[in-house]
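One structure is given here, and the rest of the page talks about it.
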Amino acid sequence: MDILDYAFMQRALLAAVLVGITAPAVGIYLVQRRQALMGDGIGHVAMTGVGLGFLLSWSPVWMATAVSVVGAVLMELIRWYGKTRGDIALAMLFYGGMAGGVMFINLAPTGSNANLTSYLFGSLSTVSESDVTAICVLAAFVVLVTIGLRRQLFAVSQDEEFARVTGLPVRALNLLTAVTAAVTVTVAMRVVGLLLVSALMVVPVAAAQQLSRSFAATFAIAVAIGVSVTIGGTVTSYYQDVPPGATIVLLTIGTFMVLTVLATPLARRRARALAAAQTVGDPAECAIPATRGMDGKVGA
């Protein structure tokens, strides 16, 4: 394959595989917590980190990681203590992150709107060796957290009160989930882009849920979908000269639609089979008892 003859495509494909693994791995917990748009908010905040990276001549990936982590922690604190004004504070955080990114990158001597666009929507040709190194380190952290602490994170995502009663450090685990989501956003921004990364964290999980309801199976299927669409989108972007981020997201949405169509008749068939099994297997004592009316006759 001639695509592997180019060093920049080798780096892009490696980054795509890591993004395909990490984004759904974190997204499954965000979906369970009903925070599907958290990745989108962190992506807005990460723009400030990218701009600061250009302004200070530091790595935009590492600077975006630091700023995203701070933003994710602030989001959790606002969720805990914000109460009625929490949504306003989050809006200012998100839009302030966008504005800060645009301002800093325009003040940077080597920055331009073209640089910012590659981080907003992804770019294959600009994935450098230092970017790949940073992505590998950050992806390793995400995989260790999402798999190593899967039972604890799942418990907190399902029911915080129950998890607290069982002795789990709920707030610490919530913070860890937020930090892991922030790291995932910076892992994915070079391939998918900051404005589209949230779709890759959520849609593969929603697609996997069409086929399975168990956590382990959903996790595995979502990661498989994530890897497939990121590789497919990257290859398509190379041969068709289309934006990689948009291609990957459209492939992900297409996969969701196909699986939804295929899963609907299967779900109906399973529901009918379950209803028939319950009808046949109901013990006599579970049947609805007959009642006597005022006239003494037996009725239902």
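If you're wondering about the labels, chains in the structure tokens are A, B, ... by order shown, residues count from 1 in each chain, ligands from 1 in order shown.
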- Query: Can you tell me, as a list in words, what residues are no more than 8 Å from range 151-168 of chain A when counting only C-alpha atoms, ignoring any on the same chain fewer than 3 positions away?
  - Reply: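 Counting only C-alpha atoms, the residues come to Tyr29, Leu30, Gln32, Arg33, Thr146, Leu173, Asn174 and Thr177 of chain A.
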Filtered DSSP result for range 120-288 of chain A, state helix (DSSP H, G or I), as a short mmCIF file (atom, residue, chain, number, x, y, z; two decimals) with N, CA and C atoms, in the first residue's frame:
data_model
loop_
_atom_site.label_atom_id
_atom_site.label_comp_id
_atom_site.auth_asym_id
_atom_site.auth_seq_id
_atom_site.Cartn_x
_atom_site.Cartn_y
_atom_site.Cartn_z
N LEU A 120 -8.72 22.59 15.07
CA LEU A 120 -10.17 22.59 15.22
C LEU A 120 -10.82 21.43 14.47
N PHE A 121 -10.31 21.09 13.30
CA PHE A 121 -10.95 20.09 12.45
C PHE A 121 -10.05 18.91 12.11
N GLU A 129 6.31 14.00 14.82
CA GLU A 129 6.80 12.94 15.69
C GLU A 129 6.59 13.28 17.17
N SER A 130 6.76 14.54 17.52
CA SER A 130 6.52 14.94 18.91
C SER A 130 5.04 14.80 19.27
N ASP A 131 4.16 15.07 18.31
CA ASP A 131 2.73 14.88 18.55
C ASP A 131 2.42 13.41 18.80
N VAL A 132 3.02 12.53 18.01
CA VAL A 132 2.78 11.09 18.17
C VAL A 132 3.27 10.61 19.53
N THR A 133 4.43 11.12 19.95
CA THR A 133 4.96 10.75 21.27
C THR A 133 3.99 11.17 22.37
N ALA A 134 3.52 12.41 22.30
CA ALA A 134 2.58 12.91 23.30
C ALA A 134 1.28 12.12 23.27
N ILE A 135 0.79 11.80 22.07
CA ILE A 135 -0.46 11.05 21.95
C ILE A 135 -0.31 9.65 22.54
N CYS A 136 0.84 9.00 22.31
CA CYS A 136 1.06 7.66 22.85
C CYS A 136 1.07 7.68 24.38
N VAL A 137 1.76 8.66 24.98
CA VAL A 137 1.83 8.75 26.44
C VAL A 137 0.45 9.02 27.02
N LEU A 138 -0.28 9.96 26.43
CA LEU A 138 -1.60 10.32 26.94
C LEU A 138 -2.60 9.18 26.74
N ALA A 139 -2.51 8.49 25.60
CA ALA A 139 -3.41 7.37 25.34
C ALA A 139 -3.17 6.24 26.33
N ALA A 140 -1.92 6.00 26.69
CA ALA A 140 -1.61 4.96 27.68
C ALA A 140 -2.27 5.29 29.02
N PHE A 141 -2.23 6.56 29.40
CA PHE A 141 -2.89 6.98 30.65
C PHE A 141 -4.39 6.72 30.58
N VAL A 142 -5.02 7.07 29.47
CA VAL A 142 -6.46 6.90 29.32
C VAL A 142 -6.84 5.41 29.39
N VAL A 143 -6.10 4.56 28.71
CA VAL A 143 -6.40 3.12 28.70
C VAL A 143 -6.24 2.53 30.10
N LEU A 144 -5.19 2.91 30.80
CA LEU A 144 -4.97 2.41 32.15
C LEU A 144 -6.12 2.78 33.09
N VAL A 145 -6.60 4.01 32.98
CA VAL A 145 -7.68 4.47 33.85
C VAL A 145 -9.00 3.80 33.48
N THR A 146 -9.34 3.81 32.21
CA THR A 146 -10.67 3.33 31.80
C THR A 146 -10.82 1.82 31.94
N ILE A 147 -9.73 1.09 31.83
CA ILE A 147 -9.80 -0.36 31.99
C ILE A 147 -9.46 -0.78 33.41
N GLY A 148 -8.42 -0.19 33.98
CA GLY A 148 -7.99 -0.57 35.32
C GLY A 148 -9.00 -0.24 36.40
N ARG A 150 -12.38 0.23 35.76
CA ARG A 150 -13.68 0.15 35.08
C ARG A 150 -14.83 -0.13 36.05
N ARG A 151 -14.61 -0.99 37.05
CA ARG A 151 -15.69 -1.32 37.98
C ARG A 151 -16.08 -0.10 38.82
N GLN A 152 -15.07 0.61 39.32
CA GLN A 152 -15.34 1.78 40.15
C GLN A 152 -15.99 2.89 39.33
N LEU A 153 -15.46 3.14 38.14
CA LEU A 153 -16.00 4.21 37.30
C LEU A 153 -17.42 3.87 36.85
N PHE A 154 -17.67 2.61 36.56
CA PHE A 154 -19.02 2.20 36.15
C PHE A 154 -20.01 2.38 37.29
N ALA A 155 -19.59 2.01 38.50
CA ALA A 155 -20.48 2.15 39.65
C ALA A 155 -20.85 3.60 39.90
N VAL A 156 -19.87 4.49 39.81
CA VAL A 156 -20.13 5.91 40.03
C VAL A 156 -21.00 6.48 38.91
N SER A 157 -20.74 6.03 37.69
CA SER A 157 -21.52 6.53 36.54
C SER A 157 -22.98 6.10 36.62
N GLN A 158 -23.23 4.92 37.17
CA GLN A 158 -24.60 4.40 37.25
C GLN A 158 -25.39 5.04 38.38
N GLU A 160 -24.42 7.47 41.82
CA GLU A 160 -23.44 8.07 42.73
C GLU A 160 -23.77 7.79 44.19
N GLU A 161 -25.05 7.82 44.52
CA GLU A 161 -25.44 7.61 45.92
C GLU A 161 -25.10 6.19 46.37
N PHE A 162 -25.41 5.23 45.54
CA PHE A 162 -25.09 3.84 45.88
C PHE A 162 -23.58 3.65 46.00
N ALA A 163 -22.83 4.25 45.06
CA ALA A 163 -21.38 4.14 45.10
C ALA A 163 -20.81 4.76 46.37
N ARG A 164 -21.41 5.86 46.80
CA ARG A 164 -20.95 6.52 48.03
C ARG A 164 -21.24 5.65 49.24
N VAL A 165 -22.39 4.99 49.26
CA VAL A 165 -22.75 4.12 50.38
C VAL A 165 -21.78 2.94 50.47
N VAL A 170 -16.36 8.96 45.61
CA VAL A 170 -17.14 9.39 44.45
C VAL A 170 -16.56 10.66 43.81
N ARG A 171 -16.25 11.64 44.63
CA ARG A 171 -15.76 12.90 44.07
C ARG A 171 -14.40 12.72 43.40
N ALA A 172 -13.54 11.93 43.99
CA ALA A 172 -12.24 11.67 43.39
C ALA A 172 -12.40 10.95 42.05
N LEU A 173 -13.31 9.99 41.99
CA LEU A 173 -13.54 9.26 40.75
C LEU A 173 -14.19 10.15 39.69
N ASN A 174 -15.08 11.05 40.11
CA ASN A 174 -15.67 12.01 39.16
C ASN A 174 -14.60 12.93 38.58
N LEU A 175 -13.71 13.40 39.44
CA LEU A 175 -12.61 14.24 38.96
C LEU A 175 -11.71 13.46 38.01
N LEU A 176 -11.43 12.21 38.34
CA LEU A 176 -10.58 11.39 37.47
C LEU A 176 -11.23 11.18 36.12
N THR A 177 -12.54 10.97 36.10
CA THR A 177 -13.26 10.83 34.83
C THR A 177 -13.15 12.11 34.00
N ALA A 178 -13.33 13.25 34.65
CA ALA A 178 -13.24 14.52 33.95
C ALA A 178 -11.83 14.75 33.40
N VAL A 179 -10.81 14.45 34.20
CA VAL A 179 -9.43 14.62 33.76
C VAL A 179 -9.13 13.68 32.59
N THR A 180 -9.61 12.45 32.68
CA THR A 180 -9.39 11.49 31.60
C THR A 180 -10.07 11.94 30.31
N ALA A 181 -11.26 12.51 30.43
CA ALA A 181 -11.94 13.05 29.26
C ALA A 181 -11.15 14.20 28.65
N ALA A 182 -10.56 15.06 29.50
CA ALA A 182 -9.76 16.17 29.01
C ALA A 182 -8.53 15.66 28.26
N VAL A 183 -7.89 14.63 28.81
CA VAL A 183 -6.72 14.06 28.14
C VAL A 183 -7.12 13.45 26.79
N THR A 184 -8.27 12.81 26.75
CA THR A 184 -8.74 12.19 25.51
C THR A 184 -8.99 13.24 24.43
N VAL A 185 -9.52 14.37 24.81
CA VAL A 185 -9.76 15.44 23.85
C VAL A 185 -8.46 15.87 23.18
N THR A 186 -7.40 16.02 23.97
CA THR A 186 -6.12 16.45 23.39
C THR A 186 -5.47 15.33 22.59
N VAL A 187 -5.75 14.06 22.95
CA VAL A 187 -5.27 12.96 22.13
C VAL A 187 -5.90 13.01 20.74
N ALA A 188 -7.20 13.32 20.70
CA ALA A 188 -7.94 13.23 19.45
C ALA A 188 -7.86 14.47 18.58
N VAL A 197 -14.45 16.17 18.26
CA VAL A 197 -14.02 15.03 19.08
C VAL A 197 -15.16 14.46 19.91
N SER A 198 -16.08 15.29 20.35
CA SER A 198 -17.18 14.82 21.20
C SER A 198 -18.01 13.76 20.48
N ALA A 199 -18.16 13.89 19.16
CA ALA A 199 -18.94 12.90 18.41
C ALA A 199 -18.27 11.54 18.46
N LEU A 200 -16.95 11.49 18.41
CA LEU A 200 -16.24 10.22 18.44
C LEU A 200 -16.25 9.60 19.84
N MET A 201 -16.50 10.39 20.85
CA MET A 201 -16.60 9.88 22.21
C MET A 201 -17.99 9.31 22.51
N VAL A 202 -18.99 9.77 21.79
CA VAL A 202 -20.38 9.44 22.12
C VAL A 202 -21.03 8.50 21.11
N VAL A 203 -20.90 8.80 19.82
CA VAL A 203 -21.66 8.07 18.80
C VAL A 203 -21.26 6.59 18.73
N PRO A 204 -19.97 6.21 18.79
CA PRO A 204 -19.66 4.77 18.80
C PRO A 204 -20.30 4.03 19.96
N VAL A 205 -20.39 4.68 21.11
CA VAL A 205 -21.04 4.06 22.27
C VAL A 205 -22.53 3.88 22.00
N ALA A 206 -23.17 4.91 21.45
CA ALA A 206 -24.59 4.80 21.11
C ALA A 206 -24.82 3.72 20.06
N ALA A 207 -23.90 3.59 19.11
CA ALA A 207 -24.03 2.54 18.09
C ALA A 207 -23.86 1.16 18.72
N ALA A 208 -22.90 1.02 19.63
CA ALA A 208 -22.68 -0.28 20.29
C ALA A 208 -23.87 -0.68 21.13
N PHE A 215 -22.23 -4.01 29.84
CA PHE A 215 -21.18 -3.01 29.81
C PHE A 215 -19.95 -3.50 29.06
N ALA A 216 -19.50 -4.73 29.34
CA ALA A 216 -18.28 -5.25 28.73
C ALA A 216 -18.42 -5.34 27.22
N ALA A 217 -19.55 -5.88 26.74
CA ALA A 217 -19.76 -6.02 25.30
C ALA A 217 -19.88 -4.65 24.63
N THR A 218 -20.60 -3.73 25.26
CA THR A 218 -20.73 -2.38 24.71
C THR A 218 -19.37 -1.70 24.61
N PHE A 219 -18.56 -1.85 25.64
CA PHE A 219 -17.22 -1.27 25.65
C PHE A 219 -16.40 -1.81 24.47
N ALA A 220 -16.39 -3.13 24.31
CA ALA A 220 -15.59 -3.75 23.25
C ALA A 220 -16.08 -3.34 21.86
N ILE A 221 -17.40 -3.37 21.66
CA ILE A 221 -17.95 -3.01 20.35
C ILE A 221 -17.69 -1.54 20.03
N ALA A 222 -17.84 -0.66 21.03
CA ALA A 222 -17.61 0.77 20.80
C ALA A 222 -16.17 1.03 20.41
N VAL A 223 -15.23 0.38 21.07
CA VAL A 223 -13.81 0.56 20.71
C VAL A 223 -13.55 0.02 19.30
N ALA A 224 -14.14 -1.12 18.97
CA ALA A 224 -13.97 -1.68 17.62
C ALA A 224 -14.51 -0.72 16.56
N ILE A 225 -15.68 -0.14 16.84
CA ILE A 225 -16.24 0.85 15.90
C ILE A 225 -15.34 2.07 15.81
N GLY A 226 -14.84 2.54 16.97
CA GLY A 226 -13.97 3.70 16.97
C GLY A 226 -12.71 3.50 16.14
N VAL A 227 -12.07 2.36 16.31
CA VAL A 227 -10.84 2.07 15.54
C VAL A 227 -11.17 1.96 14.05
N SER A 228 -12.27 1.29 13.73
CA SER A 228 -12.64 1.10 12.32
C SER A 228 -12.91 2.42 11.61
N VAL A 229 -13.68 3.30 12.25
CA VAL A 229 -14.04 4.56 11.58
C VAL A 229 -12.85 5.52 11.52
N THR A 230 -11.98 5.51 12.52
CA THR A 230 -10.83 6.42 12.46
C THR A 230 -9.84 5.98 11.38
N ILE A 231 -9.61 4.68 11.28
CA ILE A 231 -8.73 4.19 10.19
C ILE A 231 -9.39 4.43 8.84
N GLY A 232 -10.68 4.08 8.74
CA GLY A 232 -11.38 4.29 7.48
C GLY A 232 -11.43 5.76 7.07
N GLY A 233 -11.68 6.64 8.03
CA GLY A 233 -11.71 8.07 7.72
C GLY A 233 -10.36 8.62 7.34
N THR A 234 -9.30 8.14 7.99
CA THR A 234 -7.95 8.61 7.67
C THR A 234 -7.54 8.18 6.27
N VAL A 235 -7.81 6.92 5.93
CA VAL A 235 -7.48 6.42 4.59
C VAL A 235 -8.29 7.14 3.52
N THR A 236 -9.58 7.33 3.79
CA THR A 236 -10.44 8.05 2.83
C THR A 236 -9.95 9.48 2.65
N SER A 237 -9.55 10.12 3.74
CA SER A 237 -9.05 11.49 3.66
C SER A 237 -7.81 11.58 2.78
N TYR A 238 -6.95 10.58 2.87
CA TYR A 238 -5.72 10.58 2.07
C TYR A 238 -6.03 10.43 0.58
N TYR A 239 -6.89 9.49 0.23
CA TYR A 239 -7.14 9.21 -1.18
C TYR A 239 -8.10 10.20 -1.83
N GLN A 240 -9.04 10.73 -1.07
CA GLN A 240 -10.04 11.62 -1.64
C GLN A 240 -9.79 13.09 -1.35
N PRO A 244 -10.13 15.07 7.40
CA PRO A 244 -10.18 13.80 8.14
C PRO A 244 -11.22 13.80 9.25
N GLY A 245 -11.31 14.90 10.00
CA GLY A 245 -12.24 14.94 11.12
C GLY A 245 -13.67 14.77 10.67
N ALA A 246 -14.06 15.54 9.66
CA ALA A 246 -15.43 15.45 9.16
C ALA A 246 -15.72 14.06 8.58
N THR A 247 -14.74 13.48 7.88
CA THR A 247 -14.93 12.15 7.29
C THR A 247 -15.15 11.10 8.38
N ILE A 248 -14.34 11.16 9.43
CA ILE A 248 -14.45 10.19 10.52
C ILE A 248 -15.80 10.30 11.22
N VAL A 249 -16.24 11.53 11.48
CA VAL A 249 -17.52 11.72 12.17
C VAL A 249 -18.68 11.25 11.30
N LEU A 250 -18.64 11.54 10.01
CA LEU A 250 -19.72 11.09 9.12
C LEU A 250 -19.75 9.57 9.02
N LEU A 251 -18.59 8.93 8.99
CA LEU A 251 -18.56 7.47 8.99
C LEU A 251 -19.13 6.91 10.29
N THR A 252 -18.84 7.59 11.40
CA THR A 252 -19.36 7.14 12.70
C THR A 252 -20.88 7.23 12.74
N ILE A 253 -21.41 8.35 12.26
CA ILE A 253 -22.87 8.52 12.24
C ILE A 253 -23.51 7.51 11.29
N GLY A 254 -22.87 7.28 10.14
CA GLY A 254 -23.38 6.27 9.21
C GLY A 254 -23.41 4.88 9.82
N THR A 255 -22.37 4.54 10.58
CA THR A 255 -22.34 3.25 11.28
C THR A 255 -23.48 3.14 12.28
N PHE A 256 -23.72 4.21 13.01
CA PHE A 256 -24.83 4.21 13.97
C PHE A 256 -26.16 3.97 13.27
N MET A 257 -26.38 4.64 12.15
CA MET A 257 -27.65 4.49 11.44
C MET A 257 -27.82 3.07 10.92
N VAL A 258 -26.76 2.48 10.37
CA VAL A 258 -26.84 1.12 9.85
C VAL A 258 -27.15 0.13 10.97
N LEU A 259 -26.43 0.26 12.10
CA LEU A 259 -26.64 -0.66 13.21
C LEU A 259 -28.04 -0.48 13.81
N THR A 260 -28.55 0.74 13.81
CA THR A 260 -29.90 0.97 14.32
C THR A 260 -30.93 0.25 13.45
N VAL A 261 -30.76 0.34 12.14
CA VAL A 261 -31.69 -0.33 11.21
C VAL A 261 -31.61 -1.85 11.39
N LEU A 262 -30.40 -2.39 11.52
CA LEU A 262 -30.23 -3.83 11.66
C LEU A 262 -30.70 -4.34 13.01
N ALA A 263 -30.54 -3.52 14.04
CA ALA A 263 -30.85 -3.97 15.40
C ALA A 263 -32.33 -3.93 15.72
N THR A 264 -33.10 -3.09 15.02
CA THR A 264 -34.52 -2.94 15.35
C THR A 264 -35.30 -4.25 15.21
N PRO A 265 -35.22 -4.97 14.08
CA PRO A 265 -35.97 -6.24 14.00
C PRO A 265 -35.44 -7.29 14.98
N LEU A 266 -34.13 -7.29 15.23
CA LEU A 266 -33.58 -8.24 16.20
C LEU A 266 -34.11 -7.97 17.60
N ALA A 267 -34.20 -6.69 17.95
CA ALA A 267 -34.72 -6.33 19.28
C ALA A 267 -36.19 -6.74 19.41
N ARG A 268 -36.97 -6.54 18.36
CA ARG A 268 -38.38 -6.95 18.39
C ARG A 268 -38.51 -8.46 18.52
N ARG A 269 -37.65 -9.19 17.81
CA ARG A 269 -37.70 -10.65 17.88
C ARG A 269 -37.34 -11.14 19.28
N ARG A 270 -36.30 -10.55 19.89
CA ARG A 270 -35.92 -10.93 21.25
C ARG A 270 -37.03 -10.60 22.24
N ALA A 271 -37.69 -9.45 22.05
CA ALA A 271 -38.78 -9.07 22.95
C ALA A 271 -39.94 -10.04 22.86
N ARG A 272 -40.29 -10.47 21.64
CA ARG A 272 -41.38 -11.44 21.48
C ARG A 272 -41.01 -12.78 22.08
N ALA A 273 -39.75 -13.19 21.88
CA ALA A 273 -39.31 -14.47 22.44
C ALA A 273 -39.32 -14.44 23.96
N LEU A 274 -38.90 -13.30 24.53
CA LEU A 274 -38.91 -13.17 25.98
C LEU A 274 -40.32 -13.18 26.53
N ALA A 275 -41.23 -12.47 25.85
CA ALA A 275 -42.62 -12.44 26.30
C ALA A 275 -43.25 -13.83 26.23
N ALA A 276 -42.95 -14.59 25.16
CA ALA A 276 -43.48 -15.94 25.03
C ALA A 276 -42.93 -16.86 26.11
N ALA A 277 -41.64 -16.71 26.41
CA ALA A 277 -41.03 -17.54 27.45
C ALA A 277 -41.62 -17.24 28.81
N GLN A 278 -41.88 -15.98 29.09
CA GLN A 278 -42.48 -15.61 30.37
C GLN A 278 -43.90 -16.13 30.49
N THR A 279 -44.63 -16.11 29.38
CA THR A 279 -46.01 -16.60 29.40
C THR A 279 -46.05 -18.10 29.68
N VAL A 280 -45.18 -18.84 29.02
CA VAL A 280 -45.14 -20.29 29.19
C VAL A 280 -44.61 -20.68 30.56
N GLY A 281 -43.64 -19.94 31.04
CA GLY A 281 -42.97 -20.33 32.28
C GLY A 281 -43.54 -19.74 33.54
N ALA A 284 -48.10 -21.12 38.62
CA ALA A 284 -49.52 -20.89 38.88
C ALA A 284 -49.74 -19.83 39.93
N GLU A 285 -48.84 -19.79 40.96
CA GLU A 285 -49.07 -18.83 42.02
C GLU A 285 -48.82 -17.40 41.59
N CYS A 286 -48.19 -17.25 40.41
CA CYS A 286 -47.93 -15.89 39.93
C CYS A 286 -49.06 -15.37 39.06
#
- Task: Choose the residue, out of A:Val102, A:Leu18, A:Met9, A:Met38, that has the smallest atom-to-atom separation from Leu52 in chain A; count only C-alpha atoms.
- Result: A:Val102
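The nearest approach to Val19 in chain A among the residues A:Val191, A:Pro169, A:Leu149, A:Ser212, with only C-alpha atoms taken into account, belongs to A:Val191.
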- Task: Quote the spacing between CA of Val26 in chain A and CA of Val127 in chain A in Å to one decimal place.
- Result: 22.6 Å
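For the atom pair formed by CA of Val242 in chain A and CA of Val50 in chain A, the distance is 23.3 Å, given to one decimal.
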- Message: I'd like the neighbourhood of Ala108 in chain A as an NGL selection string, where a residue qualifies if any of its atoms comes within 9 Å (using only C-alpha atoms), though same-chain residues fewer than 3 positions away should be ignored.
- Response: :A and (51-57 or 103-105 or 111-112)
- Using only C-alpha atoms, which of the listed residues (A:Gly49, A:Gly20, A:Pro60, A:Gly71) sits closest to Met92 in chain A? A:Gly71
